[in-house]
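Colleague: Sending over a structure as structure tokens; questions will come in a sec.
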Amino acid sequence: MLVRDALPLRLASAGHDLWRAGDAPTLAALCDGRGDAESNAVRLRGVLASHDVELLPWPAGPPHTNEVGRSVQLMTGLLAIAARHGPRIELLEIGSSAGLNLMLDRFHIDLAGVVTGPPDSPLTLTREWRGPPPPAVPINLLTTRGVDLAPVATTTALGAQRLLASVWPDHQARFLRLATALRVLCAAPPRVDIADAMAGLAVRLAEPQAVGVPRVLMSSIVWQYLDEAPQQQIAAAMAAAGALASVERSLGWVRVDANRSVHKHEITRRSWPHYGPSVLLGRAHPHGFWVERLAEPVSGYELP
């Protein structure tokens with residue numbers, strides 16, 4: 001339950017936020033990577049005891065996505081969908097948090113020479129690439145929409161503060177990347193509705209779908225936080241919608257999930273008609289430092 005609820009991560013974010021605000025200077029050694037485990041544990045217990053009022057709200061909220069680097073992983077999956085079903089896509093993301101990765105078409109992304117997004121974007125994402133490049137096909141996200149139980153309002157100082165506090169203190173490149181993405185977001189915030197994953201998906205699937213526009217569900221590091229019941233409901237809803245899909249009105253599903261047995265993220269895609277089974281496209285570093293696309297994608301793959 002601690003892993004599913006990410007309680008250690010939430011508490012770490014809370015402590016980091018206190019240190020960033022200058023309210024817990026005793027955590028400097030911990031945040032700077034200094035000190036031994038025993039002395040840092042003493043410091044941490046002291047902060048927990050003296051700052052309980054500030055810390056208590058943090059575990060109450062859900063985990064949030066603050067890693068813009070996952071846009072590279074998600075775009076890898078979306079290009080695989082576009083190669084099979086066409087470039088014009090309507091996108092729904094579950095567990096969107098602030099909607100940072102809903103803006104992946106506004107970032108300049110270089111995937112081993114396959115480039116997407118505007119060249120003059122304030123944010124360029126280039127990662128160490130392993131394996132063959134993704135399909136060099138055009139992609140046009142006609143609509144992007146997200147759902148989240150408790151979206152983060154990053155246009156406010158408090159919302160941005162919460163996301164920044166969830167970045168590991170020694171990951172300076174990630175701080176810069178997130179800060180740039182937040183500026184892009186403030187210029188035109190993406191749409192993120194308040195809803196649970198299944199409710200948001202049901203609304204989207206019930207809407208009319210234009211001819212020649214694949215409808216794609218997307219998520220990154222969300223599945224592990226869902227209970228078994230909503231997982232089964234979402235999978236059943238997608239399978240039912242997939243059974244009704246046609247060449248003119250196709251359906252896709254792109255996921256980035258953590259495989260704890262190998263300590264890597266895995267990129268999978270499903271699409272209908274004709275391509276129903278889940279396909280493992282590649283693996284990636286948890287924070288997007290590198291992406292490995294498989295030369296031979298694995299069909300029928302299920303996350304262990």
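Please note that chains go A, B, ... in the order of the structure tokens, that every chain numbers its residues from 1, and that ligands are numbered from 1 in the order shown.
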At a cut-off of 10 Å, can you tabulate as a tab-separated table every residue of stretch 95-152 of chain A near stretch 268-284 of chain A together with its closest atom pair and the distance in Å to one decimal, using only C-alpha atoms and ordering rows by chain then number?

Modeller:
residue	atom	partner	partner_atom	distance
A:Glu128	CA	A:Ala284	CA	9.9
A:Trp129	CA	A:Ala284	CA	9.3
A:Arg130	CA	A:Ala284	CA	9.4
A:Gly131	CA	A:Gly282	CA	9.0
A:Pro134	CA	A:Leu281	CA	9.4

Colleague: How would the residues just picked look written out with C-alpha atoms as a tab-separated table (two decimals), in the first residue's frame?

Modeller:
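Saved to result.tsv:
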chain	number	residue	atom	x	y	z
A	128	GLU	CA	20.19	9.42	-25.30
A	129	TRP	CA	18.60	7.08	-27.84
A	130	ARG	CA	19.23	3.36	-28.04
A	131	GLY	CA	18.01	1.14	-30.84
A	134	PRO	CA	10.65	5.56	-34.31

Colleague: I need the residues in stretch 165-303 of chain A that are strand (DSSP E or B) according to DSSP; give them as JSON, numbers by chain.

Modeller: {"A": [191, 192, 193, 194, 215, 216, 217, 218, 219, 220, 251, 252, 253, 254, 255, 256, 257, 258, 259, 264, 265, 266, 267, 268, 269, 270, 271, 272, 275, 276, 277, 278, 279, 280, 281, 282, 283, 284, 290, 291, 292, 293, 294, 295, 296, 297, 298, 299]}

Colleague: Apply DSSP to the structure's backbone, then extract all residues of stretch 174-279 of chain A labelled helix (DSSP H, G or I) and return them as a CSV table (one decimal) with N, CA and C atoms, in the first residue's frame.

Modeller:
chain,number,residue,atom,x,y,z
A,174,ARG,N,16.4,18.6,-14.4
A,174,ARG,CA,15.0,18.4,-14.4
A,174,ARG,C,14.3,19.7,-13.9
A,175,PHE,N,14.9,20.4,-12.9
A,175,PHE,CA,14.3,21.7,-12.4
A,175,PHE,C,14.2,22.6,-13.6
A,176,LEU,N,15.2,22.8,-14.4
A,176,LEU,CA,15.2,23.7,-15.5
A,176,LEU,C,14.2,23.3,-16.5
A,177,ARG,N,14.1,22.0,-16.8
A,177,ARG,CA,13.1,21.5,-17.8
A,177,ARG,C,11.7,21.7,-17.3
A,178,LEU,N,11.4,21.5,-16.0
A,178,LEU,CA,10.1,21.7,-15.5
A,178,LEU,C,9.7,23.2,-15.5
A,179,ALA,N,10.7,24.0,-15.1
A,179,ALA,CA,10.4,25.5,-15.1
A,179,ALA,C,10.1,26.0,-16.5
A,180,THR,N,10.8,25.5,-17.5
A,180,THR,CA,10.5,25.9,-18.8
A,180,THR,C,9.1,25.4,-19.3
A,181,ALA,N,8.8,24.2,-19.0
A,181,ALA,CA,7.5,23.6,-19.3
A,181,ALA,C,6.4,24.4,-18.6
A,182,LEU,N,6.6,24.8,-17.4
A,182,LEU,CA,5.6,25.6,-16.7
A,182,LEU,C,5.3,27.0,-17.4
A,183,ARG,N,6.4,27.5,-18.0
A,183,ARG,CA,6.2,28.8,-18.7
A,183,ARG,C,5.4,28.5,-20.0
A,184,VAL,N,5.6,27.4,-20.7
A,184,VAL,CA,4.8,27.1,-21.8
A,184,VAL,C,3.4,26.9,-21.4
A,185,LEU,N,3.2,26.2,-20.3
A,185,LEU,CA,1.8,25.9,-19.8
A,185,LEU,C,1.0,27.2,-19.5
A,186,CYS,N,1.7,28.1,-18.8
A,186,CYS,CA,1.0,29.4,-18.4
A,186,CYS,C,0.6,30.2,-19.6
A,187,ALA,N,1.3,30.0,-20.8
A,187,ALA,CA,0.9,30.8,-22.0
A,187,ALA,C,-0.5,30.3,-22.5
A,197,ALA,N,-10.4,8.3,-13.7
A,197,ALA,CA,-10.0,7.9,-15.0
A,197,ALA,C,-11.1,7.2,-15.8
A,198,MET,N,-11.9,6.3,-15.1
A,198,MET,CA,-12.9,5.6,-15.9
A,198,MET,C,-14.0,6.6,-16.3
A,199,ALA,N,-14.4,7.5,-15.4
A,199,ALA,CA,-15.5,8.5,-15.8
A,199,ALA,C,-15.1,9.3,-16.9
A,200,GLY,N,-13.8,9.8,-16.9
A,200,GLY,CA,-13.3,10.6,-18.0
A,200,GLY,C,-13.3,9.9,-19.3
A,201,LEU,N,-12.8,8.6,-19.2
A,201,LEU,CA,-12.8,7.8,-20.4
A,201,LEU,C,-14.1,7.5,-21.0
A,202,ALA,N,-15.1,7.2,-20.1
A,202,ALA,CA,-16.5,6.9,-20.6
A,202,ALA,C,-17.1,8.1,-21.3
A,203,VAL,N,-16.8,9.3,-20.8
A,203,VAL,CA,-17.3,10.5,-21.5
A,203,VAL,C,-16.7,10.7,-22.9
A,204,ARG,N,-15.4,10.4,-23.0
A,204,ARG,CA,-14.7,10.6,-24.2
A,204,ARG,C,-15.2,9.6,-25.3
A,205,LEU,N,-15.3,8.3,-24.8
A,205,LEU,CA,-15.7,7.2,-25.7
A,205,LEU,C,-17.1,7.4,-26.2
A,206,ALA,N,-17.9,8.1,-25.5
A,206,ALA,CA,-19.3,8.3,-25.9
A,206,ALA,C,-19.5,9.4,-26.9
A,223,TRP,N,-1.0,3.7,-14.0
A,223,TRP,CA,-1.7,2.4,-13.8
A,223,TRP,C,-1.4,1.8,-12.4
A,224,GLN,N,-0.1,2.0,-11.9
A,224,GLN,CA,0.3,1.5,-10.6
A,224,GLN,C,-0.5,2.1,-9.5
A,225,TYR,N,-1.1,3.2,-9.7
A,225,TYR,CA,-1.8,3.9,-8.6
A,225,TYR,C,-3.3,3.6,-8.6
A,228,GLU,N,-7.4,-2.5,-8.5
A,228,GLU,CA,-7.7,-3.5,-9.6
A,228,GLU,C,-9.0,-3.3,-10.3
A,229,ALA,N,-10.0,-2.8,-9.5
A,229,ALA,CA,-11.3,-2.6,-10.1
A,229,ALA,C,-11.3,-1.6,-11.2
A,230,PRO,N,-10.8,-0.4,-11.0
A,230,PRO,CA,-10.8,0.6,-12.1
A,230,PRO,C,-9.8,0.1,-13.3
A,231,GLN,N,-8.8,-0.6,-12.9
A,231,GLN,CA,-7.9,-1.1,-14.0
A,231,GLN,C,-8.7,-2.0,-14.9
A,232,GLN,N,-9.5,-2.9,-14.3
A,232,GLN,CA,-10.3,-3.8,-15.1
A,232,GLN,C,-11.4,-3.1,-15.9
A,233,GLN,N,-12.0,-2.1,-15.3
A,233,GLN,CA,-13.0,-1.3,-16.0
A,233,GLN,C,-12.5,-0.6,-17.2
A,234,ILE,N,-11.3,0.0,-17.0
A,234,ILE,CA,-10.7,0.8,-18.1
A,234,ILE,C,-10.4,-0.2,-19.3
A,235,ALA,N,-9.7,-1.3,-18.9
A,235,ALA,CA,-9.3,-2.3,-19.9
A,235,ALA,C,-10.6,-2.8,-20.6
A,236,ALA,N,-11.6,-3.1,-19.9
A,236,ALA,CA,-12.9,-3.6,-20.5
A,236,ALA,C,-13.5,-2.6,-21.4
A,237,ALA,N,-13.5,-1.3,-21.0
A,237,ALA,CA,-14.1,-0.2,-21.8
A,237,ALA,C,-13.3,0.0,-23.1
A,238,MET,N,-12.0,-0.1,-23.0
A,238,MET,CA,-11.1,0.0,-24.2
A,238,MET,C,-11.3,-1.2,-25.2
A,239,ALA,N,-11.4,-2.4,-24.6
A,239,ALA,CA,-11.6,-3.6,-25.4
A,239,ALA,C,-13.0,-3.5,-26.1
A,240,ALA,N,-14.0,-3.0,-25.4
A,240,ALA,CA,-15.4,-2.9,-26.0
A,240,ALA,C,-15.4,-1.9,-27.1
A,241,ALA,N,-14.7,-0.7,-26.9
A,241,ALA,CA,-14.6,0.3,-27.9
A,241,ALA,C,-13.8,-0.2,-29.1
A,242,GLY,N,-12.7,-0.9,-28.8
A,242,GLY,CA,-11.9,-1.5,-29.8
A,242,GLY,C,-12.6,-2.4,-30.7
A,243,ALA,N,-13.6,-3.2,-30.2
A,243,ALA,CA,-14.3,-4.1,-31.0
A,243,ALA,C,-15.2,-3.4,-32.0
A,244,LEU,N,-15.6,-2.2,-31.7
A,244,LEU,CA,-16.4,-1.4,-32.6
A,244,LEU,C,-15.6,-0.5,-33.5

Colleague: Looking at only C-alpha atoms, which of A:Thr26, A:Ser219, A:Ser39, A:Ser250 is the one that sits closest to A:Asp148?

Modeller: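 Smallest separation from A:Asp148 among the options: A:Ser219.
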
Colleague: List the spatial neighbours of stretch 138-143 of chain A as a PDB file with C-alpha atoms, in the first residue's frame - criterion: any atom at most 8 Å away, only C-alpha atoms, same-chain residues fewer than 3 positions off excluded.

Modeller:
ATOM      1  CA  LEU A  79       4.240   7.877 -33.583  1.00  0.00           C
ATOM      2  CA  ALA A  82       0.206   7.504 -36.340  1.00  0.00           C
ATOM      3  CA  GLY A  86      -2.919   8.250 -39.609  1.00  0.00           C
ATOM      4  CA  PRO A  87      -1.451  11.495 -38.295  1.00  0.00           C
ATOM      5  CA  ARG A  88      -4.566  13.374 -37.139  1.00  0.00           C
ATOM      6  CA  ILE A  89      -5.207  12.318 -33.529  1.00  0.00           C
ATOM      7  CA  GLU A  90      -7.585  13.239 -30.720  1.00  0.00           C
ATOM      8  CA  LEU A  91      -5.869  12.581 -27.407  1.00  0.00           C
ATOM      9  CA  ASP A 105       3.158  18.667 -29.415  1.00  0.00           C
ATOM     10  CA  THR A 116       8.326  16.563 -33.752  1.00  0.00           C
TER      11      THR A 116
END

Colleague: Using only C-alpha atoms, which of A:Pro122, A:Gly46, A:Gly15, A:Pro297 sits nearest A:Ala165?

Modeller: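 With only C-alpha atoms as the atom set, the closest residue is A:Gly15.
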
Colleague: Do a neighbour search on A:Ala136 at 9 Å with only C-alpha atoms, toss out local chain neighbours closer than 6 positions, and write the hits as an MDAnalysis selection string.

Modeller: chainID A and resid 79 83 113:115

Colleague: Which neighbours of stretch 252-266 of chain A fall inside 7 Å, counting only C-alpha atoms, when residues of the same chain fewer than 6 positions from it are skipped, and could you give them as a VMD selection string?

Modeller: chain A and resid 74 77 to 78 81 214 to 221 223 272 282 to 286 303

Colleague: So that I can check the surroundings of A:Ser121, please list as a PDB file with C-alpha atoms, in the first residue's frame every protein, DNA and RNA residue that reaches within 6 Å of it, counting only C-alpha atoms and ignoring chain neighbours fewer than 3 positions away.

Modeller:
ATOM      1  CA  PHE A 107       7.750  20.802 -27.275  1.00  0.00           C
ATOM      2  CA  HIS A 108      10.538  20.337 -29.807  1.00  0.00           C
ATOM      3  CA  PRO A 118       7.876  23.458 -33.380  1.00  0.00           C
TER       4      PRO A 118
END
